[in-house]
file entry25.cif (mmCIF, N, CA, C and O atoms)
data_my_file
#
loop_
_atom_site.label_atom_id
_atom_site.label_comp_id
_atom_site.auth_asym_id
_atom_site.auth_seq_id
_atom_site.Cartn_x
_atom_site.Cartn_y
_atom_site.Cartn_z
N MET S 1 44.53 110.04 -45.10
CA MET S 1 43.32 110.67 -45.58
C MET S 1 42.56 109.76 -46.55
O MET S 1 41.35 109.72 -46.54
N ASP S 2 43.32 109.04 -47.38
CA ASP S 2 42.68 108.14 -48.34
C ASP S 2 41.92 107.02 -47.63
O ASP S 2 40.85 106.61 -48.08
N GLN S 3 42.49 106.50 -46.55
CA GLN S 3 41.80 105.45 -45.79
C GLN S 3 40.50 105.97 -45.17
O GLN S 3 39.50 105.27 -45.14
N PHE S 4 40.53 107.20 -44.68
CA PHE S 4 39.33 107.80 -44.10
C PHE S 4 38.24 107.95 -45.15
O PHE S 4 37.08 107.62 -44.91
N ILE S 5 38.61 108.43 -46.32
CA ILE S 5 37.63 108.61 -47.40
C ILE S 5 37.09 107.26 -47.85
O ILE S 5 35.88 107.11 -48.10
N THR S 6 37.95 106.25 -47.93
CA THR S 6 37.50 104.91 -48.31
C THR S 6 36.55 104.34 -47.28
O THR S 6 35.51 103.77 -47.63
N MET S 7 36.85 104.49 -46.00
CA MET S 7 35.96 103.98 -44.95
C MET S 7 34.63 104.73 -44.95
O MET S 7 33.57 104.12 -44.74
N GLU S 8 34.67 106.03 -45.17
CA GLU S 8 33.44 106.81 -45.23
C GLU S 8 32.58 106.36 -46.41
O GLU S 8 31.37 106.17 -46.27
N TYR S 9 33.20 106.15 -47.56
CA TYR S 9 32.50 105.69 -48.74
C TYR S 9 31.86 104.31 -48.50
O TYR S 9 30.69 104.08 -48.83
N LEU S 10 32.61 103.40 -47.92
CA LEU S 10 32.08 102.06 -47.65
C LEU S 10 30.96 102.10 -46.62
O LEU S 10 29.96 101.38 -46.75
N THR S 11 31.11 102.92 -45.59
CA THR S 11 30.10 103.01 -44.54
C THR S 11 28.77 103.51 -45.12
O THR S 11 27.71 102.93 -44.85
N PHE S 12 28.82 104.56 -45.92
CA PHE S 12 27.59 105.10 -46.48
C PHE S 12 27.00 104.16 -47.53
O PHE S 12 25.78 104.06 -47.66
N GLY S 13 27.84 103.46 -48.27
CA GLY S 13 27.34 102.49 -49.24
C GLY S 13 26.62 101.33 -48.56
O GLY S 13 25.55 100.90 -48.99
N VAL S 14 27.22 100.82 -47.50
CA VAL S 14 26.60 99.72 -46.75
C VAL S 14 25.32 100.19 -46.07
O VAL S 14 24.31 99.48 -46.05
N ALA S 15 25.33 101.41 -45.53
CA ALA S 15 24.13 101.94 -44.88
C ALA S 15 22.99 102.11 -45.87
O ALA S 15 21.83 101.81 -45.56
N GLN S 16 23.30 102.56 -47.07
CA GLN S 16 22.26 102.73 -48.08
C GLN S 16 21.70 101.38 -48.50
O GLN S 16 20.48 101.22 -48.63
N LEU S 17 22.55 100.41 -48.70
CA LEU S 17 22.08 99.07 -49.05
C LEU S 17 21.24 98.48 -47.93
O LEU S 17 20.22 97.83 -48.17
N LEU S 18 21.66 98.70 -46.68
CA LEU S 18 20.90 98.21 -45.54
C LEU S 18 19.50 98.83 -45.49
O LEU S 18 18.53 98.14 -45.22
N MET S 19 19.40 100.12 -45.78
CA MET S 19 18.09 100.77 -45.76
C MET S 19 17.15 100.16 -46.80
O MET S 19 15.98 99.88 -46.51
N PHE S 20 17.64 99.93 -48.00
CA PHE S 20 16.80 99.33 -49.03
C PHE S 20 16.36 97.93 -48.63
O PHE S 20 15.19 97.56 -48.75
N CYS S 21 17.30 97.12 -48.17
CA CYS S 21 16.98 95.74 -47.81
C CYS S 21 16.08 95.68 -46.58
O CYS S 21 15.17 94.85 -46.52
N TRP S 22 16.32 96.54 -45.60
CA TRP S 22 15.51 96.53 -44.38
C TRP S 22 14.06 96.87 -44.68
O TRP S 22 13.14 96.18 -44.26
N HIS S 23 13.84 97.95 -45.43
CA HIS S 23 12.47 98.35 -45.73
C HIS S 23 11.78 97.37 -46.66
O HIS S 23 10.57 97.13 -46.53
N SER S 24 12.50 96.79 -47.58
CA SER S 24 11.93 95.76 -48.43
C SER S 24 11.50 94.55 -47.61
O SER S 24 10.44 93.97 -47.84
N ASN S 25 12.32 94.17 -46.64
CA ASN S 25 11.98 93.05 -45.76
C ASN S 25 10.73 93.38 -44.92
O ASN S 25 9.87 92.53 -44.73
N GLU S 26 10.63 94.62 -44.44
CA GLU S 26 9.46 95.03 -43.66
C GLU S 26 8.19 95.00 -44.50
O GLU S 26 7.13 94.58 -44.02
N VAL S 27 8.28 95.42 -45.76
CA VAL S 27 7.11 95.39 -46.65
C VAL S 27 6.70 93.95 -46.91
O VAL S 27 5.51 93.62 -46.92
N MET S 28 7.67 93.06 -47.11
CA MET S 28 7.36 91.66 -47.35
C MET S 28 6.67 91.03 -46.14
O MET S 28 5.66 90.34 -46.29
N VAL S 29 7.16 91.29 -44.94
CA VAL S 29 6.56 90.73 -43.73
C VAL S 29 5.15 91.30 -43.52
O VAL S 29 4.21 90.57 -43.17
N ALA S 30 4.97 92.60 -43.77
CA ALA S 30 3.65 93.21 -43.61
C ALA S 30 2.66 92.64 -44.62
O ALA S 30 1.49 92.40 -44.28
N SER S 31 3.10 92.39 -45.85
CA SER S 31 2.19 91.82 -46.84
C SER S 31 1.83 90.37 -46.50
O SER S 31 0.73 89.92 -46.82
N GLN S 32 2.73 89.65 -45.86
CA GLN S 32 2.40 88.29 -45.44
C GLN S 32 1.45 88.28 -44.25
O GLN S 32 0.62 87.38 -44.12
N ASN S 33 1.56 89.29 -43.39
CA ASN S 33 0.68 89.35 -42.22
C ASN S 33 -0.72 89.83 -42.55
O ASN S 33 -1.62 89.74 -41.70
N LEU S 34 -0.94 90.37 -43.75
CA LEU S 34 -2.28 90.80 -44.13
C LEU S 34 -3.25 89.64 -44.19
O LEU S 34 -4.44 89.81 -43.92
N MET S 35 -2.77 88.46 -44.53
CA MET S 35 -3.64 87.28 -44.65
C MET S 35 -4.25 86.88 -43.32
O MET S 35 -5.29 86.23 -43.28
N ILE S 36 -3.62 87.23 -42.24
CA ILE S 36 -4.11 86.82 -40.92
C ILE S 36 -5.41 87.54 -40.56
O ILE S 36 -6.28 86.97 -39.91
N GLY S 37 -5.57 88.78 -41.01
CA GLY S 37 -6.73 89.60 -40.66
C GLY S 37 -8.07 88.98 -40.99
O GLY S 37 -8.94 88.86 -40.10
N PRO S 38 -8.32 88.58 -42.23
CA PRO S 38 -9.62 87.99 -42.54
C PRO S 38 -9.90 86.69 -41.77
O PRO S 38 -11.04 86.41 -41.41
N TYR S 39 -8.87 85.92 -41.50
CA TYR S 39 -9.09 84.66 -40.78
C TYR S 39 -9.36 84.88 -39.30
O TYR S 39 -9.96 84.02 -38.65
N LYS S 40 -8.93 86.01 -38.74
CA LYS S 40 -9.22 86.30 -37.34
C LYS S 40 -10.61 86.91 -37.14
O LYS S 40 -11.07 87.01 -36.02
N SER S 41 -11.24 87.33 -38.24
CA SER S 41 -12.57 87.90 -38.13
C SER S 41 -13.60 86.79 -37.96
O SER S 41 -13.31 85.60 -38.12
N ILE S 42 -14.80 87.18 -37.66
CA ILE S 42 -15.89 86.18 -37.49
C ILE S 42 -16.56 85.99 -38.85
O ILE S 42 -17.71 86.36 -39.06
N TRP S 43 -15.85 85.42 -39.78
CA TRP S 43 -16.34 85.26 -41.14
C TRP S 43 -17.37 84.14 -41.26
O TRP S 43 -18.23 84.17 -42.13
N TYR S 44 -17.29 83.16 -40.40
CA TYR S 44 -18.16 81.99 -40.52
C TYR S 44 -19.60 82.29 -40.11
O TYR S 44 -20.51 81.54 -40.43
N GLY S 45 -19.83 83.37 -39.43
CA GLY S 45 -21.19 83.71 -39.02
C GLY S 45 -21.85 84.74 -39.92
O GLY S 45 -22.94 85.22 -39.61
N GLN S 46 -21.25 85.06 -41.03
CA GLN S 46 -21.77 86.10 -41.92
C GLN S 46 -22.67 85.51 -43.01
O GLN S 46 -22.72 84.30 -43.22
N LYS S 47 -23.37 86.40 -43.69
CA LYS S 47 -24.24 85.99 -44.80
C LYS S 47 -23.40 85.64 -46.02
O LYS S 47 -22.22 85.95 -46.10
N LYS S 48 -24.06 84.99 -47.00
CA LYS S 48 -23.34 84.57 -48.21
C LYS S 48 -22.76 85.74 -48.98
O LYS S 48 -21.70 85.65 -49.58
N LYS S 49 -23.47 86.87 -48.96
CA LYS S 49 -23.00 88.05 -49.66
C LYS S 49 -21.64 88.51 -49.10
O LYS S 49 -20.73 88.86 -49.84
N HIS S 50 -21.51 88.46 -47.79
CA HIS S 50 -20.27 88.87 -47.15
C HIS S 50 -19.16 87.83 -47.34
O HIS S 50 -17.98 88.18 -47.41
N LEU S 51 -19.55 86.57 -47.43
CA LEU S 51 -18.54 85.52 -47.62
C LEU S 51 -17.87 85.63 -48.99
O LEU S 51 -16.67 85.39 -49.12
N SER S 52 -18.65 85.99 -50.01
CA SER S 52 -18.03 86.15 -51.33
C SER S 52 -17.09 87.35 -51.34
O SER S 52 -16.03 87.31 -51.96
N SER S 53 -17.46 88.41 -50.63
CA SER S 53 -16.54 89.55 -50.51
C SER S 53 -15.29 89.16 -49.73
O SER S 53 -14.19 89.63 -50.04
N MET S 54 -15.45 88.31 -48.73
CA MET S 54 -14.31 87.85 -47.94
C MET S 54 -13.37 87.02 -48.80
O MET S 54 -12.15 87.15 -48.68
N ARG S 55 -13.91 86.19 -49.69
CA ARG S 55 -13.05 85.40 -50.58
C ARG S 55 -12.24 86.29 -51.51
O ARG S 55 -11.07 86.04 -51.76
N ILE S 56 -12.89 87.33 -52.03
CA ILE S 56 -12.18 88.28 -52.90
C ILE S 56 -11.08 88.98 -52.12
O ILE S 56 -9.95 89.14 -52.61
N LEU S 57 -11.37 89.38 -50.90
CA LEU S 57 -10.38 90.05 -50.06
C LEU S 57 -9.19 89.14 -49.76
O LEU S 57 -8.03 89.56 -49.84
N VAL S 58 -9.46 87.89 -49.46
CA VAL S 58 -8.39 86.93 -49.16
C VAL S 58 -7.52 86.71 -50.39
O VAL S 58 -6.29 86.65 -50.28
N GLU S 59 -8.12 86.64 -51.57
CA GLU S 59 -7.33 86.46 -52.79
C GLU S 59 -6.47 87.69 -53.08
O GLU S 59 -5.36 87.57 -53.57
N GLN S 60 -6.99 88.87 -52.78
CA GLN S 60 -6.19 90.08 -52.98
C GLN S 60 -5.03 90.15 -52.00
O GLN S 60 -3.94 90.60 -52.34
N TYR S 61 -5.26 89.71 -50.79
CA TYR S 61 -4.19 89.71 -49.78
C TYR S 61 -3.20 88.59 -49.99
O TYR S 61 -2.14 88.58 -49.37
N ASN S 62 -3.51 87.64 -50.83
CA ASN S 62 -2.66 86.48 -51.04
C ASN S 62 -1.39 86.82 -51.83
O ASN S 62 -0.44 86.04 -51.83
N THR S 63 -1.36 87.96 -52.50
CA THR S 63 -0.18 88.33 -53.28
C THR S 63 0.95 88.74 -52.35
O THR S 63 0.74 89.42 -51.35
N LYS S 64 2.15 88.32 -52.69
CA LYS S 64 3.33 88.65 -51.90
C LYS S 64 4.01 89.87 -52.50
O LYS S 64 4.39 89.87 -53.67
N ILE S 65 4.14 90.91 -51.71
CA ILE S 65 4.77 92.15 -52.18
C ILE S 65 6.22 92.15 -51.71
O ILE S 65 6.49 92.03 -50.52
N ILE S 66 7.13 92.26 -52.67
CA ILE S 66 8.54 92.29 -52.32
C ILE S 66 9.28 93.11 -53.37
O ILE S 66 8.93 93.11 -54.55
N PHE S 67 10.26 93.87 -52.94
CA PHE S 67 11.07 94.66 -53.86
C PHE S 67 12.19 93.79 -54.40
O PHE S 67 12.71 92.92 -53.70
N THR S 68 12.54 94.02 -55.64
CA THR S 68 13.61 93.23 -56.25
C THR S 68 14.71 94.15 -56.77
O THR S 68 14.49 95.34 -56.98
N ALA S 69 15.87 93.58 -56.97
CA ALA S 69 16.99 94.29 -57.57
C ALA S 69 17.04 93.87 -59.03
O ALA S 69 17.87 93.07 -59.45
N GLY S 70 16.09 94.38 -59.81
CA GLY S 70 15.99 94.00 -61.21
C GLY S 70 15.63 92.53 -61.33
O GLY S 70 14.89 92.00 -60.52
N PRO S 71 16.15 91.85 -62.34
CA PRO S 71 15.84 90.43 -62.48
C PRO S 71 16.78 89.55 -61.66
O PRO S 71 16.74 88.33 -61.77
N PHE S 72 17.61 90.15 -60.82
CA PHE S 72 18.66 89.39 -60.17
C PHE S 72 18.23 88.73 -58.88
O PHE S 72 18.42 87.53 -58.70
N THR S 73 17.68 89.50 -57.93
CA THR S 73 17.37 88.92 -56.62
C THR S 73 16.32 89.76 -55.91
O THR S 73 16.04 90.90 -56.29
N ASP S 74 15.73 89.18 -54.88
CA ASP S 74 14.82 89.91 -54.01
C ASP S 74 15.64 90.64 -52.96
O ASP S 74 16.67 90.15 -52.51
N LEU S 75 15.18 91.82 -52.56
CA LEU S 75 15.89 92.58 -51.54
C LEU S 75 15.33 92.21 -50.17
O LEU S 75 14.24 92.61 -49.79
N THR S 76 16.08 91.40 -49.44
CA THR S 76 15.72 91.02 -48.08
C THR S 76 16.96 91.15 -47.21
O THR S 76 18.05 91.43 -47.70
N LEU S 77 16.79 90.92 -45.93
CA LEU S 77 17.94 90.97 -45.03
C LEU S 77 18.92 89.84 -45.31
O LEU S 77 20.13 89.99 -45.14
N ALA S 78 18.39 88.70 -45.75
CA ALA S 78 19.28 87.59 -46.11
C ALA S 78 20.15 87.96 -47.31
O ALA S 78 21.34 87.62 -47.36
N THR S 79 19.57 88.67 -48.27
CA THR S 79 20.34 89.14 -49.42
C THR S 79 21.41 90.12 -48.98
O THR S 79 22.55 90.08 -49.47
N PHE S 80 21.07 91.01 -48.05
CA PHE S 80 22.04 91.97 -47.54
C PHE S 80 23.23 91.26 -46.90
O PHE S 80 24.38 91.60 -47.15
N MET S 81 22.94 90.25 -46.09
CA MET S 81 24.03 89.51 -45.44
C MET S 81 24.88 88.77 -46.48
O MET S 81 26.11 88.71 -46.36
N ASN S 82 24.26 88.21 -47.50
CA ASN S 82 25.02 87.52 -48.55
C ASN S 82 25.91 88.48 -49.32
O ASN S 82 27.05 88.15 -49.69
N ILE S 83 25.41 89.70 -49.57
CA ILE S 83 26.22 90.70 -50.25
C ILE S 83 27.42 91.09 -49.40
O ILE S 83 28.55 91.20 -49.89
N LEU S 84 27.20 91.29 -48.10
CA LEU S 84 28.31 91.63 -47.21
C LEU S 84 29.34 90.51 -47.12
O LEU S 84 30.54 90.76 -47.14
N LYS S 85 28.87 89.27 -47.03
CA LYS S 85 29.80 88.14 -46.98
C LYS S 85 30.62 88.03 -48.26
O LYS S 85 31.83 87.80 -48.22
N GLY S 86 29.95 88.20 -49.40
CA GLY S 86 30.66 88.14 -50.68
C GLY S 86 31.66 89.28 -50.83
O GLY S 86 32.78 89.07 -51.30
N ALA S 87 31.26 90.48 -50.42
CA ALA S 87 32.18 91.62 -50.53
C ALA S 87 33.39 91.43 -49.62
O ALA S 87 34.52 91.74 -50.02
N TYR S 88 33.17 90.91 -48.42
CA TYR S 88 34.30 90.68 -47.53
C TYR S 88 35.22 89.59 -48.07
O TYR S 88 36.44 89.67 -47.98
N SER S 89 34.62 88.56 -48.67
CA SER S 89 35.44 87.49 -49.25
C SER S 89 36.30 88.03 -50.40
O SER S 89 37.49 87.70 -50.52
N TYR S 90 35.70 88.86 -51.26
CA TYR S 90 36.47 89.45 -52.35
C TYR S 90 37.56 90.37 -51.82
O TYR S 90 38.68 90.40 -52.35
N TYR S 91 37.25 91.11 -50.77
CA TYR S 91 38.23 92.03 -50.19
C TYR S 91 39.42 91.25 -49.62
O TYR S 91 40.58 91.62 -49.84
N THR S 92 39.15 90.16 -48.90
CA THR S 92 40.26 89.39 -48.33
C THR S 92 41.05 88.69 -49.44
O THR S 92 42.26 88.50 -49.32
N LEU S 93 40.37 88.30 -50.51
CA LEU S 93 41.06 87.65 -51.63
C LEU S 93 41.99 88.64 -52.32
O LEU S 93 43.12 88.29 -52.68
N ILE S 94 41.54 89.87 -52.47
CA ILE S 94 42.37 90.88 -53.14
C ILE S 94 43.57 91.25 -52.28
O ILE S 94 44.68 91.43 -52.77
N ASN S 95 43.36 91.35 -50.97
CA ASN S 95 44.48 91.69 -50.08
C ASN S 95 45.39 90.50 -49.94
O ASN S 95 46.55 90.58 -49.77
#

call {"tool": "encode", "arguments": {"input": "entry25.cif", "output": "structure tokens"}}
result
Amino acid sequence: MDQFITMEYLTFGVAQLLMFCWHSNEVMVASQNLMIGPYKSIWYGQKKKHLSSMRILVEQYNTKIIFTAGPFTDLTLATFMNILKGAYSYYTLIN
């Protein structure tokens, strides 16, 4: 019974960490893809008034949105894999 409870605890812990890292990674990719929109538009044929608005829009889209785990690290799928590798290494070391 103790092994079952331990496996259940680990499964839900890993699933929760995966959800945070997965959605953070999706937000980061979506924020990077925002920059493509203004460049795909026909900006070069517009008036000067619209070009200055386009520059402001591009600068606003230039910021990278990413969730962090405090001051320690960014939450991405690579971070999730590193956490799993480290946890498995510690587990094998303890056993």

call {"tool": "atom_distance", "arguments": {"input": "entry25.cif", "atom1": "CA of Phe20 (chain S)", "atom2": "CA of Ser89 (chain S)"}}
result
22.1 Å

call {"tool": "resolve_selection", "arguments": {"input": "entry25.cif", "expression": "the PyMOL selection byres ((chain S and resi 73-77) around 8)", "output": "PyMOL selection string"}}
result
chain S and resi 17-18+20-28+65-72+78-84

call {"tool": "closest_residue", "arguments": {"input": "entry25.cif", "among": "S:Gln3, S:Ala87, S:Asn95, S:Asn62", "to": "Leu34 (chain S)", "atoms": "only N, CA, C and O atoms"}}
result
S:Asn62

call {"tool": "select_by_dssp", "arguments": {"input": "entry25.cif", "residues": "chain S", "states": "helix (DSSP H, G or I)", "output": "ChimeraX atom specification"}}
result
/S:2-33,36-40,43-45,48-61,77-94

call {"tool": "atom_distance", "arguments": {"input": "entry25.cif", "atom1": "CA of Lys64 (chain S)", "atom2": "atom C of Val29 (chain S)"}}
result
9.0 Å

call {"tool": "residues_around", "arguments": {"input": "entry25.cif", "residues": "Thr63 (chain S)", "least_positions_apart": "3", "cutoff": "7 Å", "atoms": "only N, CA, C and O atoms", "output": "list in words"}}
result
Ser31, Gln32, Val58, Glu59 and Gln60 of chain S

call {"tool": "atom_distance", "arguments": {"input": "entry25.cif", "atom1": "CA of Ser53 (chain S)", "atom2": "CA of Asn33 (chain S)"}}
result
19.1 Å

call {"tool": "closest_residue", "arguments": {"input": "entry25.cif", "among": "S:Thr92, S:Met7, S:Tyr61, S:Ser52", "to": "Pro38 (chain S)", "atoms": "only C-alpha atoms"}}
result
S:Tyr61

call {"tool": "decode", "arguments": {"input": "entry25.cif", "residues": "region 66-88 of chain S", "atoms": "N, CA and C atoms", "output": "mmCIF file, in the first residue's frame"}}
result
data_model
loop_
_atom_site.group_PDB
_atom_site.id
_atom_site.type_symbol
_atom_site.label_atom_id
_atom_site.label_comp_id
_atom_site.auth_asym_id
_atom_site.auth_seq_id
_atom_site.Cartn_x
_atom_site.Cartn_y
_atom_site.Cartn_z
ATOM 1 N N ILE S 66 7.685 35.010 -20.355
ATOM 2 C CA ILE S 66 7.990 33.666 -19.879
ATOM 3 C C ILE S 66 7.754 33.612 -18.378
ATOM 4 N N PHE S 67 7.243 32.498 -17.908
ATOM 5 C CA PHE S 67 7.020 32.312 -16.480
ATOM 6 C C PHE S 67 8.309 31.808 -15.848
ATOM 7 N N THR S 68 8.540 32.230 -14.625
ATOM 8 C CA THR S 68 9.754 31.806 -13.929
ATOM 9 C C THR S 68 9.391 31.134 -12.613
ATOM 10 N N ALA S 69 10.325 30.370 -12.099
ATOM 11 C CA ALA S 69 10.184 29.757 -10.786
ATOM 12 C C ALA S 69 10.980 30.613 -9.807
ATOM 13 N N GLY S 70 10.440 31.783 -9.496
ATOM 14 C CA GLY S 70 11.138 32.720 -8.626
ATOM 15 C C GLY S 70 12.401 33.218 -9.309
ATOM 16 N N PRO S 71 13.450 33.458 -8.546
ATOM 17 C CA PRO S 71 14.697 33.917 -9.161
ATOM 18 C C PRO S 71 15.561 32.770 -9.660
ATOM 19 N N PHE S 72 15.035 31.551 -9.637
ATOM 20 C CA PHE S 72 15.870 30.394 -9.900
ATOM 21 C C PHE S 72 15.995 30.048 -11.374
ATOM 22 N N THR S 73 14.867 29.861 -12.066
ATOM 23 C CA THR S 73 14.935 29.399 -13.452
ATOM 24 C C THR S 73 13.654 29.749 -14.192
ATOM 25 N N ASP S 74 13.722 29.674 -15.508
ATOM 26 C CA ASP S 74 12.541 29.827 -16.349
ATOM 27 C C ASP S 74 11.836 28.483 -16.444
ATOM 28 N N LEU S 75 10.512 28.508 -16.509
ATOM 29 C CA LEU S 75 9.760 27.266 -16.630
ATOM 30 C C LEU S 75 9.554 26.945 -18.105
ATOM 31 N N THR S 76 10.316 25.995 -18.599
ATOM 32 C CA THR S 76 10.183 25.522 -19.970
ATOM 33 C C THR S 76 10.211 23.999 -19.956
ATOM 34 N N LEU S 77 10.016 23.413 -21.110
ATOM 35 C CA LEU S 77 10.072 21.953 -21.185
ATOM 36 C C LEU S 77 11.480 21.435 -20.929
ATOM 37 N N ALA S 78 12.479 22.223 -21.313
ATOM 38 C CA ALA S 78 13.865 21.823 -21.032
ATOM 39 C C ALA S 78 14.118 21.795 -19.523
ATOM 40 N N THR S 79 13.559 22.755 -18.806
ATOM 41 C CA THR S 79 13.679 22.770 -17.349
ATOM 42 C C THR S 79 12.991 21.554 -16.743
ATOM 43 N N PHE S 80 11.823 21.202 -17.280
ATOM 44 C CA PHE S 80 11.099 20.025 -16.790
ATOM 45 C C PHE S 80 11.937 18.765 -16.958
ATOM 46 N N MET S 81 12.551 18.618 -18.120
ATOM 47 C CA MET S 81 13.382 17.435 -18.361
ATOM 48 C C MET S 81 14.595 17.422 -17.431
ATOM 49 N N ASN S 82 15.201 18.577 -17.189
ATOM 50 C CA ASN S 82 16.347 18.639 -16.276
ATOM 51 C C ASN S 82 15.947 18.289 -14.852
ATOM 52 N N ILE S 83 14.757 18.722 -14.435
ATOM 53 C CA ILE S 83 14.274 18.377 -13.099
ATOM 54 C C ILE S 83 14.058 16.870 -12.986
ATOM 55 N N LEU S 84 13.450 16.271 -14.006
ATOM 56 C CA LEU S 84 13.232 14.823 -13.981
ATOM 57 C C LEU S 84 14.545 14.050 -13.976
ATOM 58 N N LYS S 85 15.509 14.486 -14.774
ATOM 59 C CA LYS S 85 16.812 13.815 -14.796
ATOM 60 C C LYS S 85 17.506 13.919 -13.445
ATOM 61 N N GLY S 86 17.460 15.107 -12.845
ATOM 62 C CA GLY S 86 18.078 15.295 -11.536
ATOM 63 C C GLY S 86 17.394 14.471 -10.459
ATOM 64 N N ALA S 87 16.065 14.434 -10.492
ATOM 65 C CA ALA S 87 15.327 13.653 -9.489
ATOM 66 C C ALA S 87 15.626 12.169 -9.639
ATOM 67 N N TYR S 88 15.703 11.689 -10.870
ATOM 68 C CA TYR S 88 16.018 10.280 -11.075
ATOM 69 C C TYR S 88 17.443 9.954 -10.632
#
